[in-house]
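*Asks:* There's a structure below that I have some questions on.
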2 protein chains.
Amino acid sequence: MNKKRTTLKDIANVLSISTAAVSKALNDDARISVKTKKAVKQVAKELNYQPNHLASALRKGKSKLVGLIVPRTNSNFFSSVVENMEEVLDKAGYNIIITQSNESFEKECDNIDTLLYLQVDGIIASMANETVDLSYYEKIKSNGIPLILFDRGENDLNVDYVGINDYDSSHMIIEHLVAQGCKRIAHIGGYRRTRIFNNRIRGYIDAIKKHNLPHDEELLTESSLTLEDGRNQIEKLLALKNRPDAVYVASDYAALGALQVLKERNIKVPEEIKLVGFGNEPFTSLVTPSITSISQHSKQIGKLAAETFLGYVDKDVVRQSLNKIILDSELIVRDSSK
Amino acid sequence: MNKKRTTLKDIANVLSISTAAVSKALNDDARISVKTKKAVKQVAKELNYQPNHLASALRKGKSKLVGLIVPRTNSNFFSSVVENMEEVLDKAGYNIIITQSNESFEKECDNIDTLLYLQVDGIIASMANETVDLSYYEKIKSNGIPLILFDRGENDLNVDYVGINDYDSSHMIIEHLVAQGCKRIAHIGGYRRTRIFNNRIRGYIDAIKKHNLPHDEELLTESSLTLEDGRNQIEKLLALKNRPDAVYVASDYAALGALQVLKERNIKVPEEIKLVGFGNEPFTSLVTPSITSISQHSKQIGKLAAETFLGYVDKDVVRQSLNKIILDSELIVRDSSK
DNA sequence: TACTTTTGGTTAATCGATTAAACAAATATA
DNA sequence: TATATTTGTTTAATCGATTAACCAAAAGTA
């Protein structure tokens with residue numbers, strides 16, 4: 001077993017030239033003759049040469065790595081974001097290091113430290129539910145490393161962001177429900193401290209008011225939006241004297257939990273209560289009844305976040321000012337609301 | 001904005017000592033006085049020193065990175081595997097680079113190249129469905145880098161492996177279905193070229209024979225086991241003159257597809273046909289009826305794969321011979337089969 | 001006192017690739 | 001012919017941390 005990797009030196013020795021010449025030949029430097037280039041590439045192939053990334057990264061001061069922080073990889077949204085991000089970054093010669101925060105603030109800080117330690121050239125992140133203190137993110141910026149947030153971002157932090165228009169999404173949902181004849185619409189929302197959930201709540205309230213529908217405090221709840229939260233919150237709504245005739249849930253998982261309870265209680269969806277989720281997770285189309293939801297354009301988000309990053313490091317691209325990209329979302333109407 | 005990172009030299013300058021002393025102090029070398037260590041650590045903190053990982057990795061010949069290749073991150077199985085792998089590797093000072101093959105052989109090869117290029121200290125992989133040619137994996141071994149396969153592994157490759165006992169899992173499923181009174185059990189399987197699917201098929205056939213049940217060729221099908229495949233294969237089975245009274249599907253996604261068709265056709269599950277999946281994806285408990293499935297002990301698998309890797313690099317651990325770890329699986333009985 | 005050992009460092013080489021600067025040879029220009 | 005320019009390559013420094021080898025001063029020992 002040949003444990004030692006071939007280096008520039010090995011190639012140089014074979015051809016009796018300097019390592020500098022070899023390096024330049026492999027990088028197609030104009031000052032190296034065609035003949036030498038050919039010979040070098042030939043030998044490189046024969047010896048199965050693989051450049052040592054650590055060495056070149058150290059020398060060039062660029063690791064060609066991009067760090068990614070997501071709450072969890074196991075949602076379709078994030079895995080799709082990653083896939084499309086990869087596609088863009090691959091072409092530019094970057095590799096992605098994926099880390100999961102598991103919705104934990106502490107883990108997120110660890111991840112940031114790890115990524116900085118690995119000398120990544122940039123960080124793209126979607127914040128954990130728990131995250132409120134942003135000083136750790138400041139650390140990234142003070143290191144002079146580009147930071148791009150997506151989906152779960154914080155606008156107050158003076159940083160680039162890619163996401164959908166949550167406020168408008170709420171409006172679309174309410175419009176749709178009103179069109180279906182709903183008069184009393186509840187909202188199972190996330191915590192307001194997270195910007196996207198706050199926007200969804202604001203959108204909900206404004207749209208409700210616009211249509212002169214009742215905006216009772218009891219119709220609006222906040223939680224972490226897990227499946228279990230969905231179950232608990234719908235129970236509360238069902239316990240009301242005056243039940244809602246539609247529920248807009250700010251996450252598909254919580255919407256699923258709500259649906260389970262409704263089915264267990266033999267409350268007909270959509271006949272008695274209409275239900276709308278958020279995120280367009282694959283299972284929304286798989287359960288019975290299928291759940292109406294909002295598509296977040298994960299592909300676009302991944303692509304745009306990656307391109308925004310490249311805007312910082314690509315010399316061909318003129319550095320733009322701060323980027324806040326807000327995409328329009330799309331309402332996917334399914335059985336649960338018609 | 002202070003773009004330059006603090007280096008050992010900066011600390012050394014402040015204290016008027018050599019960089020070597022600083023390095024040793026930070027690494028708690030015995031030859032450095034307590035006083036100096038304290039001073040160094042103090043200054044390091046003040047200057048917000050972050051070691052340059054590239055430099056130390058280059059020098060030490062170890063990147064402290066472990067490469068991971070999975071078909072896709074968006075299944076609960078894989079994200080859980082990753083989470084537990086991380087936990088073990090974190091403690092040993094390793095970081096994980098996650099790559100997705102998207103079930104493509106070509107992408108998988110790219111991923112291997114990328115990881116080798118990044119000088120990872122080891123690779124842990126679950127192979128893509130497509131992968132048949134294993135020469136690329138040989139490349140890893142010829143580079144002297146530890147390779148550990150999990151779940152989708154190939155036993156012929158002389159390499160460590162962590163997975164569940166697929167053969168026995170099939171037996172458990174058939175035992176269960178027989179106990180429920182099934183007489184004619186079909187199997188929607190994966191392609192035999194993939195070892196785990198071959199084992200599931202073998203287990204199915206042997207268990208069927210053991211119970212003297214009919215083993216018709218028409219009751220056994222092979223496919224990629226996507227949701228769509230599940231739909232197609234169940235259609236075939238329903239078209240038979242002599243329909244099965246139970247179907248064992250080798251993947252939860254395909255099982256879900258089968259369930260959809262059965263519901264569309266108003267065939268009652270489990271009354272008319274009992275259904276069993278494989279993998280225990282979260283949605284199996286969410287759909288109606290909930291789907292009986294096999295739990296693959298993702299936590300254990302992640303943990304053991306990581307530990308197997310550490311067995312190669314950890315000097316404290318005596319290097320074991322080739323490791324093939326086969327875990328027992330667990331049958332989770334739900335509504336679809338009782 | 002004279003020699004040995006220990007303590008607490010320093011010096012300099014090294015990991016492998018890149019690159020600014022230098023340089024010899026070939027070619028072009030006046 | 002003498003000088004300038006171009007071509008193709010070499011030399012040597014560099015990125016930042018680590019470490020083998022060395023060394024001076026302090027402490028211990030006979």
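Ordered as shown in the structure tokens, chains take letters A, B, and onward, while each chain numbers its residues from 1 and ligands are numbered from 1 in the order shown.
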Output as a PyMOL selection string the set of chain B residues within 9 Å of chain A, with distances taken over only C-alpha atoms.

*Replies:* chain B and resi 1-5+50-55+57-58+63+72-80+83+95-100+102+114+116-119+141-145+256-257+260+283+286-288

*Asks:* Please identify every residue of chain D that has at least one atom no farther than 7 Å from an atom of chain A, counting only C-alpha atoms (C1' of nucleotides), and for each give the shortest atom pair and the distance in Å to one decimal, arranged by chain then increasing number, as a Markdown table.

*Replies:*
```
| residue | atom | partner | partner_atom | distance |
| --- | --- | --- | --- | --- |
| D:DG8 | C1' | A:Ile32 | CA | 5.9 |
| D:DT9 | C1' | A:Ala21 | CA | 6.8 |
| D:DT10 | C1' | A:Ser18 | CA | 6.7 |
| D:DC15 | C1' | A:Arg59 | CA | 4.3 |
```

*Asks:* Write a file of the selected residues as a short mmCIF file (atom, residue, chain, number, x, y, z; two decimals), in the first residue's frame, keeping N, CA and C atoms (P, O5', C5', C4', C3', O3' and C1' of nucleotides).

*Replies:*
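Output file part31.cif is given in full below:
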```
data_model
loop_
_atom_site.label_atom_id
_atom_site.label_comp_id
_atom_site.auth_asym_id
_atom_site.auth_seq_id
_atom_site.Cartn_x
_atom_site.Cartn_y
_atom_site.Cartn_z
P DG D 8 8.00 30.04 -24.51
"O5'" DG D 8 8.91 29.61 -23.28
"C5'" DG D 8 10.21 29.07 -23.53
"C4'" DG D 8 10.84 28.71 -22.21
"C3'" DG D 8 9.93 27.88 -21.30
"O3'" DG D 8 10.69 26.79 -20.82
"C1'" DG D 8 10.76 29.73 -20.13
P DT D 9 9.95 25.63 -20.01
"O5'" DT D 9 10.62 25.91 -18.60
"C5'" DT D 9 12.06 25.87 -18.54
"C4'" DT D 9 12.56 26.69 -17.38
"C3'" DT D 9 12.19 26.14 -16.00
"O3'" DT D 9 13.28 25.36 -15.51
"C1'" DT D 9 12.31 28.53 -16.08
P DT D 10 13.16 24.66 -14.11
"O5'" DT D 10 13.98 25.71 -13.24
"C5'" DT D 10 15.29 26.11 -13.65
"C4'" DT D 10 15.85 27.11 -12.66
"C3'" DT D 10 15.85 26.62 -11.21
"O3'" DT D 10 17.08 26.98 -10.60
"C1'" DT D 10 14.62 28.64 -11.36
P DC D 15 3.81 35.36 5.26
"O5'" DC D 15 2.51 34.46 5.34
"C5'" DC D 15 1.53 34.43 4.29
"C4'" DC D 15 0.74 33.16 4.41
"C3'" DC D 15 0.58 32.68 5.84
"O3'" DC D 15 -0.67 33.14 6.34
"C1'" DC D 15 1.16 30.88 4.35
#
```

*Asks:* Could you produce a table of the residues of chain C lying within 8 Å of chain B, with the nearest pair of atoms per residue and their separation in Å rounded to one decimal, using only C-alpha atoms (C1' of nucleotides), ordered by chain and increasing residue number, as JSON lines?

*Replies:*
```
{"residue": "C:DT7", "atom": "C1'", "partner": "B:Arg31", "partner_atom": "CA", "distance": 7.2}
{"residue": "C:DG8", "atom": "C1'", "partner": "B:Ile32", "partner_atom": "CA", "distance": 5.9}
{"residue": "C:DG9", "atom": "C1'", "partner": "B:Ala21", "partner_atom": "CA", "distance": 7.0}
{"residue": "C:DT10", "atom": "C1'", "partner": "B:Ser18", "partner_atom": "CA", "distance": 6.9}
{"residue": "C:DT14", "atom": "C1'", "partner": "B:Arg59", "partner_atom": "CA", "distance": 7.3}
{"residue": "C:DC15", "atom": "C1'", "partner": "B:Arg59", "partner_atom": "CA", "distance": 4.3}
{"residue": "C:DG16", "atom": "C1'", "partner": "B:Leu58", "partner_atom": "CA", "distance": 7.9}
```

*Asks:* Any chance you could export the current selection's C-alpha atoms (C1' of nucleotides) as a compact mmCIF listing (two decimals), in the first residue's frame?

*Replies:*
```txt
# COMPACT_ATOMS: atom_id res chain seq x y z
C1' DT C 7 13.81 23.34 33.55
C1' DG C 8 12.27 26.48 30.17
C1' DG C 9 12.79 27.84 26.59
C1' DT C 10 14.96 29.05 21.28
C1' DT C 14 9.04 21.09 7.88
C1' DC C 15 4.24 20.12 5.75
C1' DG C 16 2.99 21.13 0.00
```

*Asks:* Determine which residues of region 64-265 of chain A receive a DSSP assignment of strand (DSSP E), computed from the backbone, and state them as a ChimeraX atom specification.

*Replies:* /A:65-70,95-100,122-125,147-150,160-164,185-189,220-222,246-249

*Asks:* Residues within 12 Å of Val249 (chain B), please, as an MDAnalysis selection string. Count only C-alpha atoms (C1' of nucleotides); anything in the same chain fewer than 4 positions from it doesn't count.

*Replies:* chainID B and resid 169:170 173:174 185:190 197 200:201 204 219:227 229:231 233:234 253:259 274:280 291:294

*Asks:* Keeping only C-alpha atoms, write the selected residues as a compact mmCIF listing (two decimals), in the first residue's frame.

*Replies:*
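The result, written out as again_3.txt:
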```txt
# COMPACT_ATOMS: atom_id res chain seq x y z
CA SER B 169 -35.86 -8.60 9.41
CA SER B 170 -37.70 -10.29 6.57
CA ILE B 173 -42.08 -9.55 9.12
CA ILE B 174 -43.27 -12.84 7.66
CA ILE B 185 -47.74 -12.80 1.06
CA ALA B 186 -46.18 -10.68 -1.70
CA HIS B 187 -42.91 -8.78 -1.61
CA ILE B 188 -42.21 -5.50 -3.36
CA GLY B 189 -38.45 -5.58 -3.19
CA GLY B 190 -35.44 -3.58 -4.29
CA PHE B 197 -32.30 -5.71 -0.86
CA ARG B 200 -34.41 -8.94 2.30
CA ILE B 201 -35.54 -10.99 -0.69
CA TYR B 204 -38.62 -13.34 2.44
CA LEU B 219 -45.64 -12.30 -5.88
CA LEU B 220 -42.09 -10.98 -5.93
CA THR B 221 -41.12 -7.79 -7.78
CA GLU B 222 -37.97 -5.68 -8.01
CA SER B 223 -37.72 -1.91 -8.48
CA SER B 224 -36.01 1.24 -7.18
CA LEU B 225 -38.61 1.49 -4.45
CA THR B 226 -39.57 5.09 -4.96
CA LEU B 227 -43.09 6.13 -4.05
CA ASP B 229 -42.54 2.36 -7.91
CA GLY B 230 -44.67 1.37 -4.98
CA ARG B 231 -47.76 2.52 -6.87
CA GLN B 233 -45.88 -2.59 -8.28
CA ILE B 234 -49.03 -2.78 -6.21
CA TYR B 253 -41.71 5.32 0.54
CA ALA B 254 -42.80 2.55 -1.80
CA ALA B 255 -45.14 1.26 0.91
CA LEU B 256 -46.72 4.68 1.04
CA GLY B 257 -47.24 4.62 -2.72
CA ALA B 258 -48.87 1.21 -2.41
CA LEU B 259 -51.11 2.47 0.37
CA LYS B 274 -52.16 -6.15 5.17
CA LEU B 275 -49.19 -3.90 4.52
CA VAL B 276 -45.69 -3.71 5.99
CA GLY B 277 -42.95 -1.20 5.14
CA PHE B 278 -39.27 -0.89 5.99
CA GLY B 279 -37.26 1.91 7.62
CA ASN B 280 -39.66 3.38 10.15
CA ILE B 291 -47.87 1.59 8.51
CA THR B 292 -46.14 -1.30 10.26
CA SER B 293 -42.40 -1.01 9.65
CA ILE B 294 -38.89 -2.05 10.63
```

*Asks:* Using DSSP on the backbone, list every residue of region 149-240 of chain A that comes out as alpha helix (DSSP H), and give them as a ChimeraX atom specification.

*Replies:* /A:166-179,195-210,227-238

*Asks:* Output the selection as a tab-separated table (two decimals), in the first residue's frame - N, CA and C atoms for each residue.

*Replies:*
```
chain	number	residue	atom	x	y	z
A	166	ASP	N	-43.07	36.34	3.85
A	166	ASP	CA	-43.97	35.68	4.79
A	166	ASP	C	-45.24	36.48	5.01
A	167	TYR	N	-45.08	37.78	5.02
A	167	TYR	CA	-46.23	38.65	5.23
A	167	TYR	C	-47.26	38.42	4.13
A	168	ASP	N	-46.79	38.49	2.89
A	168	ASP	CA	-47.69	38.29	1.75
A	168	ASP	C	-48.27	36.88	1.73
A	169	SER	N	-47.46	35.91	2.15
A	169	SER	CA	-47.94	34.53	2.15
A	169	SER	C	-49.18	34.41	3.02
A	170	SER	N	-49.12	35.05	4.18
A	170	SER	CA	-50.28	35.03	5.07
A	170	SER	C	-51.49	35.62	4.37
A	171	HIS	N	-51.25	36.71	3.66
A	171	HIS	CA	-52.35	37.34	2.94
A	171	HIS	C	-52.96	36.38	1.92
A	172	MET	N	-52.10	35.70	1.17
A	172	MET	CA	-52.59	34.76	0.16
A	172	MET	C	-53.47	33.70	0.80
A	173	ILE	N	-53.01	33.20	1.93
A	173	ILE	CA	-53.75	32.15	2.61
A	173	ILE	C	-55.12	32.65	3.06
A	174	ILE	N	-55.13	33.81	3.66
A	174	ILE	CA	-56.40	34.35	4.15
A	174	ILE	C	-57.35	34.64	2.99
A	175	GLU	N	-56.81	35.22	1.91
A	175	GLU	CA	-57.63	35.47	0.72
A	175	GLU	C	-58.30	34.18	0.28
A	176	HIS	N	-57.50	33.15	0.19
A	176	HIS	CA	-57.99	31.85	-0.27
A	176	HIS	C	-59.10	31.34	0.65
A	177	LEU	N	-58.87	31.41	1.94
A	177	LEU	CA	-59.85	30.88	2.90
A	177	LEU	C	-61.14	31.69	2.86
A	178	VAL	N	-60.97	33.00	2.73
A	178	VAL	CA	-62.16	33.86	2.64
A	178	VAL	C	-62.95	33.49	1.38
A	179	ALA	N	-62.23	33.27	0.30
A	179	ALA	CA	-62.88	32.90	-0.96
A	179	ALA	C	-63.64	31.58	-0.81
A	195	ARG	N	-38.25	36.23	13.22
A	195	ARG	CA	-38.80	37.21	12.30
A	195	ARG	C	-39.85	36.63	11.36
A	196	ILE	N	-39.52	35.45	10.77
A	196	ILE	CA	-40.46	34.93	9.78
A	196	ILE	C	-41.81	34.64	10.41
A	197	PHE	N	-41.81	34.16	11.64
A	197	PHE	CA	-43.09	33.85	12.27
A	197	PHE	C	-43.83	35.13	12.66
A	198	ASN	N	-43.07	36.12	13.05
A	198	ASN	CA	-43.67	37.41	13.36
A	198	ASN	C	-44.35	37.98	12.11
A	199	ASN	N	-43.65	37.86	10.98
A	199	ASN	CA	-44.23	38.38	9.74
A	199	ASN	C	-45.50	37.62	9.35
A	200	ARG	N	-45.47	36.31	9.59
A	200	ARG	CA	-46.67	35.54	9.25
A	200	ARG	C	-47.84	35.98	10.13
A	201	ILE	N	-47.52	36.25	11.39
A	201	ILE	CA	-48.58	36.69	12.29
A	201	ILE	C	-49.10	38.07	11.88
A	202	ARG	N	-48.18	38.96	11.57
A	202	ARG	CA	-48.60	40.30	11.15
A	202	ARG	C	-49.47	40.22	9.90
A	203	GLY	N	-49.04	39.39	8.96
A	203	GLY	CA	-49.80	39.23	7.72
A	203	GLY	C	-51.19	38.70	8.00
A	204	TYR	N	-51.24	37.75	8.91
A	204	TYR	CA	-52.52	37.15	9.29
A	204	TYR	C	-53.45	38.21	9.86
A	205	ILE	N	-52.93	38.96	10.80
A	205	ILE	CA	-53.76	39.97	11.47
A	205	ILE	C	-54.25	41.03	10.48
A	206	ASP	N	-53.32	41.54	9.66
A	206	ASP	CA	-53.70	42.59	8.71
A	206	ASP	C	-54.73	42.09	7.71
A	207	ALA	N	-54.54	40.85	7.25
A	207	ALA	CA	-55.48	40.32	6.25
A	207	ALA	C	-56.86	40.11	6.87
A	208	ILE	N	-56.85	39.63	8.10
A	208	ILE	CA	-58.11	39.43	8.81
A	208	ILE	C	-58.87	40.75	8.92
A	209	LYS	N	-58.13	41.77	9.32
A	209	LYS	CA	-58.74	43.09	9.50
A	209	LYS	C	-59.26	43.63	8.18
A	210	LYS	N	-58.48	43.41	7.14
A	210	LYS	CA	-58.85	43.89	5.82
A	210	LYS	C	-60.22	43.35	5.41
A	227	LEU	N	-44.94	18.88	15.70
A	227	LEU	CA	-46.17	18.12	15.48
A	227	LEU	C	-46.99	18.11	16.76
A	228	GLU	N	-46.31	17.91	17.87
A	228	GLU	CA	-46.98	17.86	19.16
A	228	GLU	C	-47.64	19.20	19.51
A	229	ASP	N	-46.93	20.29	19.19
A	229	ASP	CA	-47.50	21.62	19.41
A	229	ASP	C	-48.77	21.79	18.60
A	230	GLY	N	-48.75	21.28	17.38
A	230	GLY	CA	-49.93	21.37	16.53
A	230	GLY	C	-51.12	20.69	17.19
A	231	ARG	N	-50.87	19.53	17.78
A	231	ARG	CA	-51.94	18.80	18.47
A	231	ARG	C	-52.47	19.62	19.64
A	232	ASN	N	-51.57	20.13	20.45
A	232	ASN	CA	-51.98	20.89	21.62
A	232	ASN	C	-52.76	22.15	21.26
A	233	GLN	N	-52.27	22.86	20.27
A	233	GLN	CA	-52.90	24.14	19.93
A	233	GLN	C	-54.29	23.93	19.34
A	234	ILE	N	-54.44	22.90	18.53
A	234	ILE	CA	-55.78	22.69	17.94
A	234	ILE	C	-56.77	22.29	19.03
A	235	GLU	N	-56.28	21.54	20.02
A	235	GLU	CA	-57.14	21.17	21.15
A	235	GLU	C	-57.71	22.43	21.80
A	236	LYS	N	-56.81	23.39	22.01
A	236	LYS	CA	-57.24	24.65	22.62
A	236	LYS	C	-58.32	25.32	21.78
A	237	LEU	N	-58.09	25.35	20.47
A	237	LEU	CA	-59.04	26.02	19.57
A	237	LEU	C	-60.39	25.31	19.58
A	238	LEU	N	-60.33	23.97	19.66
A	238	LEU	CA	-61.57	23.19	19.64
A	238	LEU	C	-62.35	23.38	20.94
```

*Asks:* Just the residues within 10 Å of Asn48 (chain A), please, counting only C-alpha atoms (C1' of nucleotides), with nothing from its chain fewer than 5 positions along; format it as a ChimeraX atom specification.

*Replies:* /A:5-7,42-43

*Asks:* Filtering to N, CA and C atoms, could you give me those residues as a PDB file, in the first residue's frame?

*Replies:*
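Written file, selection-v1.pdb:
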```
ATOM      1  N   ARG A   5       1.190  10.233  -0.590  1.00  0.00           N
ATOM      2  CA  ARG A   5       0.566  10.842  -1.758  1.00  0.00           C
ATOM      3  C   ARG A   5       1.653  11.451  -2.632  1.00  0.00           C
ATOM      4  N   THR A   6       1.413  11.497  -3.910  1.00  0.00           N
ATOM      5  CA  THR A   6       2.353  12.184  -4.791  1.00  0.00           C
ATOM      6  C   THR A   6       2.196  13.682  -4.612  1.00  0.00           C
ATOM      7  N   THR A   7       3.343  14.350  -4.614  1.00  0.00           N
ATOM      8  CA  THR A   7       3.329  15.797  -4.462  1.00  0.00           C
ATOM      9  C   THR A   7       3.944  16.427  -5.700  1.00  0.00           C
ATOM     10  N   GLN A  42       1.066  14.750 -18.093  1.00  0.00           N
ATOM     11  CA  GLN A  42       1.218  13.320 -18.355  1.00  0.00           C
ATOM     12  C   GLN A  42       1.693  12.599 -17.093  1.00  0.00           C
ATOM     13  N   VAL A  43       2.799  13.102 -16.545  1.00  0.00           N
ATOM     14  CA  VAL A  43       3.371  12.482 -15.347  1.00  0.00           C
ATOM     15  C   VAL A  43       2.392  12.555 -14.171  1.00  0.00           C
TER      16      VAL A  43
END
```

*Asks:* So which residues touch DT29 (chain D) within 10 Å, counting only C-alpha atoms (C1' of nucleotides), skipping near sequence neighbours fewer than 5 positions away, as a ChimeraX atom specification?

*Replies:* /C:3-5

*Asks:* Could you write those residues out with C-alpha atoms (C1' of nucleotides), as a PDB file, in the first residue's frame?

*Replies:*
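Listed below is the output, selection28.pdb:
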```pdb
ATOM      1  C1'  DC C   3      29.861  17.469  36.996  1.00  0.00           C
ATOM      2  C1'  DT C   4      25.024  15.874  35.900  1.00  0.00           C
ATOM      3  C1'  DT C   5      20.228  16.651  35.408  1.00  0.00           C
TER       4       DT C   5
END
```

*Asks:* Hey, can you check how far CA of Lys9 (chain A) sits from C1' of DA22 (chain C)?

*Replies:* 21.4 Å

*Asks:* Between CA of Ser290 (chain B) and CA of Ile273 (chain B), what is the spacing in Å?

*Replies:* 13.7 Å
